[in-house]
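Dropping coords_8.pdb in here (PDB, C-alpha atoms and all ligand atoms):
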ATOM      1  CA  MET A  17      84.822 -87.778  24.560  1.00  0.00           C
ATOM      2  CA  THR A  18      84.139 -84.154  23.702  1.00  0.00           C
ATOM      3  CA  TYR A  19      86.265 -81.012  23.756  1.00  0.00           C
ATOM      4  CA  ASP A  20      85.550 -78.643  26.659  1.00  0.00           C
ATOM      5  CA  PRO A  21      86.252 -75.026  25.539  1.00  0.00           C
ATOM      6  CA  ASN A  22      86.704 -74.018  29.193  1.00  0.00           C
ATOM      7  CA  ASN A  23      89.940 -75.976  29.646  1.00  0.00           C
ATOM      8  CA  ILE A  24      92.908 -73.927  30.884  1.00  0.00           C
ATOM      9  CA  PHE A  25      94.812 -73.901  27.566  1.00  0.00           C
ATOM     10  CA  ALA A  26      91.732 -72.665  25.671  1.00  0.00           C
ATOM     11  CA  LYS A  27      91.592 -69.844  28.253  1.00  0.00           C
ATOM     12  CA  ILE A  28      95.287 -69.102  27.641  1.00  0.00           C
ATOM     13  CA  LEU A  29      94.630 -68.957  23.873  1.00  0.00           C
ATOM     14  CA  ARG A  30      91.735 -66.515  24.485  1.00  0.00           C
ATOM     15  CA  ARG A  31      94.031 -64.479  26.807  1.00  0.00           C
ATOM     16  CA  GLU A  32      91.574 -64.994  29.664  1.00  0.00           C
ATOM     17  CA  ILE A  33      94.516 -66.124  31.790  1.00  0.00           C
ATOM     18  CA  PRO A  34      98.150 -65.056  31.362  1.00  0.00           C
ATOM     19  CA  SER A  35     101.048 -67.194  30.161  1.00  0.00           C
ATOM     20  CA  HIS A  36     104.764 -66.787  29.448  1.00  0.00           C
ATOM     21  CA  LYS A  37     104.608 -66.834  25.658  1.00  0.00           C
ATOM     22  CA  ILE A  38     107.500 -68.168  23.587  1.00  0.00           C
ATOM     23  CA  TYR A  39     106.106 -68.335  20.068  1.00  0.00           C
ATOM     24  CA  GLU A  40     102.873 -67.738  18.170  1.00  0.00           C
ATOM     25  CA  ASP A  41     101.743 -68.036  14.564  1.00  0.00           C
ATOM     26  CA  GLU A  42      98.368 -68.363  12.831  1.00  0.00           C
ATOM     27  CA  HIS A  43      97.923 -71.993  13.905  1.00  0.00           C
ATOM     28  CA  THR A  44     100.160 -72.580  16.921  1.00  0.00           C
ATOM     29  CA  PHE A  45     101.089 -71.208  20.357  1.00  0.00           C
ATOM     30  CA  ALA A  46     104.048 -72.069  22.623  1.00  0.00           C
ATOM     31  CA  PHE A  47     104.487 -71.083  26.283  1.00  0.00           C
ATOM     32  CA  MET A  48     106.204 -72.075  29.520  1.00  0.00           C
ATOM     33  CA  ASP A  49     104.735 -74.867  31.667  1.00  0.00           C
ATOM     34  CA  VAL A  50     103.942 -73.349  35.107  1.00  0.00           C
ATOM     35  CA  MET A  51     105.046 -76.530  36.882  1.00  0.00           C
ATOM     36  CA  PRO A  52     108.282 -77.284  35.044  1.00  0.00           C
ATOM     37  CA  GLN A  53     109.729 -80.797  35.255  1.00  0.00           C
ATOM     38  CA  THR A  54     113.098 -79.528  33.955  1.00  0.00           C
ATOM     39  CA  GLU A  55     114.463 -76.003  33.456  1.00  0.00           C
ATOM     40  CA  GLY A  56     112.960 -74.633  30.250  1.00  0.00           C
ATOM     41  CA  HIS A  57     109.991 -77.069  30.225  1.00  0.00           C
ATOM     42  CA  CYS A  58     107.586 -75.616  27.690  1.00  0.00           C
ATOM     43  CA  LEU A  59     104.426 -76.560  25.830  1.00  0.00           C
ATOM     44  CA  VAL A  60     103.353 -76.314  22.183  1.00  0.00           C
ATOM     45  CA  ILE A  61      99.641 -76.308  21.359  1.00  0.00           C
ATOM     46  CA  PRO A  62      97.594 -75.959  18.174  1.00  0.00           C
ATOM     47  CA  LYS A  63      94.987 -73.190  18.181  1.00  0.00           C
ATOM     48  CA  GLN A  64      92.415 -75.556  16.673  1.00  0.00           C
ATOM     49  CA  PRO A  65      90.535 -77.367  19.444  1.00  0.00           C
ATOM     50  CA  SER A  66      91.122 -81.087  20.018  1.00  0.00           C
ATOM     51  CA  ARG A  67      91.247 -83.028  23.299  1.00  0.00           C
ATOM     52  CA  ASN A  68      94.529 -84.709  22.413  1.00  0.00           C
ATOM     53  CA  LEU A  69      96.385 -86.531  19.633  1.00  0.00           C
ATOM     54  CA  LEU A  70      93.558 -89.021  19.117  1.00  0.00           C
ATOM     55  CA  ASP A  71      90.995 -86.530  17.771  1.00  0.00           C
ATOM     56  CA  ALA A  72      93.432 -84.071  16.144  1.00  0.00           C
ATOM     57  CA  ASP A  73      93.247 -83.112  12.481  1.00  0.00           C
ATOM     58  CA  LEU A  74      96.260 -84.480  10.565  1.00  0.00           C
ATOM     59  CA  ASP A  75      97.151 -81.143   8.939  1.00  0.00           C
ATOM     60  CA  VAL A  76      97.014 -79.482  12.363  1.00  0.00           C
ATOM     61  CA  LEU A  77      99.266 -82.200  13.791  1.00  0.00           C
ATOM     62  CA  SER A  78     101.784 -81.734  11.026  1.00  0.00           C
ATOM     63  CA  ARG A  79     101.907 -77.947  11.487  1.00  0.00           C
ATOM     64  CA  THR A  80     102.148 -78.364  15.261  1.00  0.00           C
ATOM     65  CA  MET A  81     105.066 -80.808  14.986  1.00  0.00           C
ATOM     66  CA  ALA A  82     106.993 -78.322  12.838  1.00  0.00           C
ATOM     67  CA  VAL A  83     106.691 -75.830  15.706  1.00  0.00           C
ATOM     68  CA  VAL A  84     107.585 -78.518  18.280  1.00  0.00           C
ATOM     69  CA  GLN A  85     110.844 -79.068  16.368  1.00  0.00           C
ATOM     70  CA  LYS A  86     111.575 -75.323  16.168  1.00  0.00           C
ATOM     71  CA  VAL A  87     110.831 -74.671  19.858  1.00  0.00           C
ATOM     72  CA  ALA A  88     112.709 -77.824  20.973  1.00  0.00           C
ATOM     73  CA  LYS A  89     115.878 -76.630  19.238  1.00  0.00           C
ATOM     74  CA  ALA A  90     115.527 -73.138  20.738  1.00  0.00           C
ATOM     75  CA  ALA A  91     114.800 -74.507  24.243  1.00  0.00           C
ATOM     76  CA  MET A  92     117.870 -76.792  24.091  1.00  0.00           C
ATOM     77  CA  LYS A  93     120.055 -73.905  22.949  1.00  0.00           C
ATOM     78  CA  ALA A  94     118.691 -71.515  25.588  1.00  0.00           C
ATOM     79  CA  MET A  95     119.080 -74.044  28.422  1.00  0.00           C
ATOM     80  CA  ASN A  96     122.456 -75.363  27.195  1.00  0.00           C
ATOM     81  CA  ALA A  97     120.865 -78.819  27.034  1.00  0.00           C
ATOM     82  CA  GLU A  98     122.387 -81.756  25.175  1.00  0.00           C
ATOM     83  CA  GLY A  99     118.987 -83.265  24.396  1.00  0.00           C
ATOM     84  CA  CYS A 100     115.280 -83.055  25.032  1.00  0.00           C
ATOM     85  CA  GLN A 101     112.249 -85.243  25.622  1.00  0.00           C
ATOM     86  CA  ILE A 102     108.944 -84.652  23.870  1.00  0.00           C
ATOM     87  CA  ARG A 103     106.050 -85.951  25.985  1.00  0.00           C
ATOM     88  CA  GLN A 104     102.370 -86.135  25.120  1.00  0.00           C
ATOM     89  CA  TYR A 105      99.551 -87.766  27.147  1.00  0.00           C
ATOM     90  CA  ASN A 106      96.171 -88.983  25.869  1.00  0.00           C
ATOM     91  CA  GLU A 107      93.227 -89.179  28.301  1.00  0.00           C
ATOM     92  CA  GLN A 108      93.175 -89.307  32.086  1.00  0.00           C
ATOM     93  CA  ALA A 109      94.185 -92.979  32.235  1.00  0.00           C
ATOM     94  CA  ALA A 110      97.480 -92.046  30.567  1.00  0.00           C
ATOM     95  CA  GLY A 111      98.149 -89.031  32.800  1.00  0.00           C
ATOM     96  CA  GLN A 112      96.566 -86.223  30.762  1.00  0.00           C
ATOM     97  CA  THR A 113      95.300 -83.411  33.014  1.00  0.00           C
ATOM     98  CA  VAL A 114      94.535 -80.604  30.541  1.00  0.00           C
ATOM     99  CA  PHE A 115      92.254 -81.630  27.694  1.00  0.00           C
ATOM    100  CA  HIS A 116      93.567 -79.497  24.828  1.00  0.00           C
ATOM    101  CA  LEU A 117      96.255 -81.189  22.694  1.00  0.00           C
ATOM    102  CA  HIS A 118      99.745 -80.236  23.858  1.00  0.00           C
ATOM    103  CA  PHE A 119     103.325 -81.400  23.455  1.00  0.00           C
ATOM    104  CA  HIS A 120     105.731 -81.072  26.392  1.00  0.00           C
ATOM    105  CA  ILE A 121     109.338 -80.123  25.574  1.00  0.00           C
ATOM    106  CA  LEU A 122     111.804 -81.033  28.345  1.00  0.00           C
ATOM    107  CA  PRO A 123     115.397 -79.877  27.744  1.00  0.00           C
ATOM    108  CA  LEU A 124     117.795 -82.389  29.360  1.00  0.00           C
ATOM    109  CA  ASN A 125     121.439 -83.033  30.044  1.00  0.00           C
ATOM    110  CA  THR A 126     123.076 -86.400  30.703  1.00  0.00           C
ATOM    111  CA  GLY A 127     122.083 -87.795  34.094  1.00  0.00           C
ATOM    112  CA  GLN A 128     119.571 -85.030  34.794  1.00  0.00           C
ATOM    113  CA  ILE A 129     116.492 -86.017  36.808  1.00  0.00           C
ATOM    114  CA  VAL A 130     113.039 -85.151  35.438  1.00  0.00           C
ATOM    115  CA  LYS A 131     110.847 -83.886  38.287  1.00  0.00           C
ATOM    116  CA  PRO A 132     107.374 -85.450  38.736  1.00  0.00           C
ATOM    117  CA  HIS A 133     104.551 -84.430  36.378  1.00  0.00           C
ATOM    118  CA  SER A 134     102.370 -81.508  37.618  1.00  0.00           C
ATOM    119  CA  ASN A 135     104.233 -81.059  40.865  1.00  0.00           C
ATOM    120  CA  LYS A 136     105.420 -77.600  41.938  1.00  0.00           C
ATOM    121  CA  MET A 137     104.576 -74.119  40.645  1.00  0.00           C
ATOM    122  CA  ALA A 138     107.683 -72.202  39.481  1.00  0.00           C
ATOM    123  CA  ASP A 139     108.587 -68.615  40.298  1.00  0.00           C
ATOM    124  CA  HIS A 140     107.088 -66.356  37.606  1.00  0.00           C
ATOM    125  CA  ALA A 141     110.297 -64.318  37.336  1.00  0.00           C
ATOM    126  CA  VAL A 142     112.201 -67.514  36.457  1.00  0.00           C
ATOM    127  CA  LEU A 143     109.559 -68.553  33.908  1.00  0.00           C
ATOM    128  CA  ALA A 144     109.704 -65.085  32.326  1.00  0.00           C
ATOM    129  CA  LYS A 145     113.521 -65.270  32.148  1.00  0.00           C
ATOM    130  CA  HIS A 146     113.443 -68.729  30.530  1.00  0.00           C
ATOM    131  CA  ALA A 147     110.737 -67.673  28.044  1.00  0.00           C
ATOM    132  CA  GLU A 148     112.886 -64.710  27.016  1.00  0.00           C
ATOM    133  CA  ALA A 149     115.986 -66.909  26.654  1.00  0.00           C
ATOM    134  CA  ILE A 150     114.078 -69.376  24.445  1.00  0.00           C
ATOM    135  CA  ARG A 151     112.594 -66.559  22.310  1.00  0.00           C
ATOM    136  CA  ASN A 152     116.101 -65.168  21.840  1.00  0.00           C
ATOM    137  CA  ALA A 153     117.429 -68.606  20.801  1.00  0.00           C
ATOM    138  CA  PHE A 154     115.300 -68.983  17.651  1.00  0.00           C
ATOM    139  CA  GLY A 155     117.625 -69.443  14.673  1.00  0.00           C
TER
HETATM  140  P1  LIG B 201      99.166 -82.961  30.918  1.00  0.00           P
HETATM  141  O1  LIG B 201      99.111 -83.644  32.235  1.00  0.00           O
HETATM  142  O2  LIG B 201      97.767 -82.675  30.470  1.00  0.00           O
HETATM  143  O3  LIG B 201      99.995 -83.654  29.886  1.00  0.00           O
HETATM  144  O4  LIG B 201      99.948 -81.622  31.154  1.00  0.00           O
HETATM  145  C1  LIG B 201      99.373 -80.442  31.534  1.00  0.00           C
HETATM  146  C2  LIG B 201     100.524 -79.519  31.859  1.00  0.00           C
HETATM  147  O5  LIG B 201     100.001 -78.221  31.968  1.00  0.00           O
HETATM  148  C3  LIG B 201     101.241 -79.835  33.170  1.00  0.00           C
HETATM  149  O6  LIG B 201     102.617 -80.043  32.928  1.00  0.00           O
HETATM  150  C4  LIG B 201     100.986 -78.594  34.035  1.00  0.00           C
HETATM  151  O7  LIG B 201     102.115 -78.246  34.784  1.00  0.00           O
HETATM  152  C5  LIG B 201     100.651 -77.542  33.000  1.00  0.00           C
HETATM  153  N1  LIG B 201      99.710 -76.528  33.460  1.00  0.00           N
HETATM  154  C6  LIG B 201      98.611 -76.729  34.231  1.00  0.00           C
HETATM  155  N2  LIG B 201      97.964 -75.556  34.420  1.00  0.00           N
HETATM  156  C7  LIG B 201      98.683 -74.607  33.759  1.00  0.00           C
HETATM  157  C8  LIG B 201      98.517 -73.192  33.598  1.00  0.00           C
HETATM  158  O8  LIG B 201      97.593 -72.562  34.103  1.00  0.00           O
HETATM  159  N3  LIG B 201      99.447 -72.553  32.844  1.00  0.00           N
HETATM  160  C9  LIG B 201     100.505 -73.210  32.272  1.00  0.00           C
HETATM  161  N4  LIG B 201     101.360 -72.469  31.553  1.00  0.00           N
HETATM  162  N5  LIG B 201     100.694 -74.535  32.413  1.00  0.00           N
HETATM  163  C10 LIG B 201      99.792 -75.228  33.139  1.00  0.00           C
END
Kindly transcribe the structure held in the file into structure tokens.
Ligand code: 5GP
Amino acid sequence: MTYDPNNIFAKILRREIPSHKIYEDEHTFAFMDVMPQTEGHCLVIPKQPSRNLLDADLDVLSRTMAVVQKVAKAAMKAMNAEGCQIRQYNEQAAGQTVFHLHFHILPLNTGQIVKPHSNKMADHAVLAKHAEAIRNAFG
């Protein structure tokens, strides 16, 4: 399996398509998922290309997970969530639809229902508001 540089997240990294950015550093980028499964559902991706976890460089993975932790805490705080799920899919058989490594962060409260994966496009004004709230929640 090879990496296709025309996948949607590679285009977001190249700013060929817009996104609601939350965080960026030399190696990592975080932004809102356009079809959120919970309020504040966001994604963390490494800038280095890999299809998914299976072909990722270990140093890249380690740096990415540090940002996943940072963004997860901020997303929970911003959404007043008691917890969060981190989801990550590898290959089509396992539900992966975009073939650039990414970690989903889903802020959650007790009893809250997670909407289906890749279901409904959110209002951009709401995504912008949530991105701002998460950016403002970094410690
Ligand atoms: P996967 O199924 O590969 O784990 O997840 C891909 C995720 O990317 C889905 O949750 C989907 O909602 C999200 N997504 C798909 N296209 C776009 C897009 O153009 N922009 C953003 N921000 N998210 C996207």
For ligand LIG 201 (chain B), return the neighbouring residues as a PyMOL selection string (distance at most 7 Å; all atoms listed in the file). chain A and resi 24+35-36+47-52+104-105+111-115+118+133-134
Would you pick out the contacts of His43 in chain A at 8 Å or less, using all atoms listed in the file, so that residues sharing its chain but fewer than 6 positions from it are not included, and give the list as a ChimeraX atom specification? /A:62-64,76,79-80
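Residue neighbourhood of Leu124 in chain A, excluding near-sequence residues (fewer than 5 positions): Ala97, Glu98, Gly99 and Cys100 of chain A, at 7 Å, using all atoms listed in the file.
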Convert the output of the PyMOL selection byres (((chain A and resi 59) around 12) and not hetatm) on the shown file into explicit residues, formatted as number ranges by chain. A: 25, 28, 35-40, 44-53, 56-58, 60-62, 80-81, 83-85, 87-88, 91, 101-104, 114, 116-123, 147
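Taking CA of Glu32 in chain A and CA of Glu55 in chain A as endpoints, the distance between them is 25.7 Å.
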So which residues touch Ile129 in chain A within 8 Å, counting all atoms listed in the file, skipping near sequence neighbours fewer than 2 positions away, as a list of chain:residue names? A:Thr54, A:Gly127, A:Lys131
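Residues in contact range of Ala149 in chain A, defined as at most 10 Å between all atoms listed in the file, with sequence neighbours fewer than 5 positions away removed, read Ile38, Gly56, Ala90, Ala91, Lys93, Ala94, Met95, Leu143, Ala144 and Phe154 of chain A.
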Please, what is the axis-aligned box for every listed atom of range 22-28 of chain A with 4 Å on each side, as centre and edge lengths in Å to one decimal, as AutoDock Vina command-line options?
--center_x 91.0 --center_y -72.5 --center_z 28.3 --size_x 16.6 --size_y 14.9 --size_z 13.2
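The space separating CA of Asn68 in chain A from CA of Tyr19 in chain A comes to 9.2 Å.
CA of His140 in chain A is positioned 23.7 Å from CA of Asp41 in chain A.
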With N, CA and C atoms as the target, complete range 17-29 of chain A and hand it back as a CSV table (one decimal), keeping the file's coordinate frame.
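Dumped everything to out.csv:
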chain,number,residue,atom,x,y,z
A,17,MET,N,84.2,-88.9,23.8
A,17,MET,CA,84.8,-87.8,24.6
A,17,MET,C,84.7,-86.5,23.8
A,18,THR,N,84.3,-85.4,24.4
A,18,THR,CA,84.1,-84.2,23.7
A,18,THR,C,85.2,-83.1,24.2
A,19,TYR,N,85.3,-82.1,23.4
A,19,TYR,CA,86.3,-81.0,23.8
A,19,TYR,C,85.5,-80.0,24.6
A,20,ASP,N,86.1,-79.6,25.8
A,20,ASP,CA,85.6,-78.6,26.7
A,20,ASP,C,86.3,-77.3,26.4
A,21,PRO,N,85.6,-76.3,25.9
A,21,PRO,CA,86.3,-75.0,25.5
A,21,PRO,C,86.6,-74.2,26.8
A,22,ASN,N,86.3,-74.7,28.0
A,22,ASN,CA,86.7,-74.0,29.2
A,22,ASN,C,88.0,-74.6,29.8
A,23,ASN,N,88.7,-75.5,29.1
A,23,ASN,CA,89.9,-76.0,29.6
A,23,ASN,C,91.0,-74.8,29.7
A,24,ILE,N,92.0,-75.0,30.6
A,24,ILE,CA,92.9,-73.9,30.9
A,24,ILE,C,93.7,-73.4,29.7
A,25,PHE,N,94.0,-74.3,28.7
A,25,PHE,CA,94.8,-73.9,27.6
A,25,PHE,C,93.9,-73.1,26.6
A,26,ALA,N,92.7,-73.5,26.5
A,26,ALA,CA,91.7,-72.7,25.7
A,26,ALA,C,91.6,-71.3,26.3
A,27,LYS,N,91.6,-71.2,27.6
A,27,LYS,CA,91.6,-69.8,28.3
A,27,LYS,C,92.9,-69.1,28.0
A,28,ILE,N,94.0,-69.8,28.0
A,28,ILE,CA,95.3,-69.1,27.6
A,28,ILE,C,95.2,-68.6,26.2
A,29,LEU,N,94.7,-69.4,25.3
A,29,LEU,CA,94.6,-69.0,23.9
A,29,LEU,C,93.7,-67.7,23.7
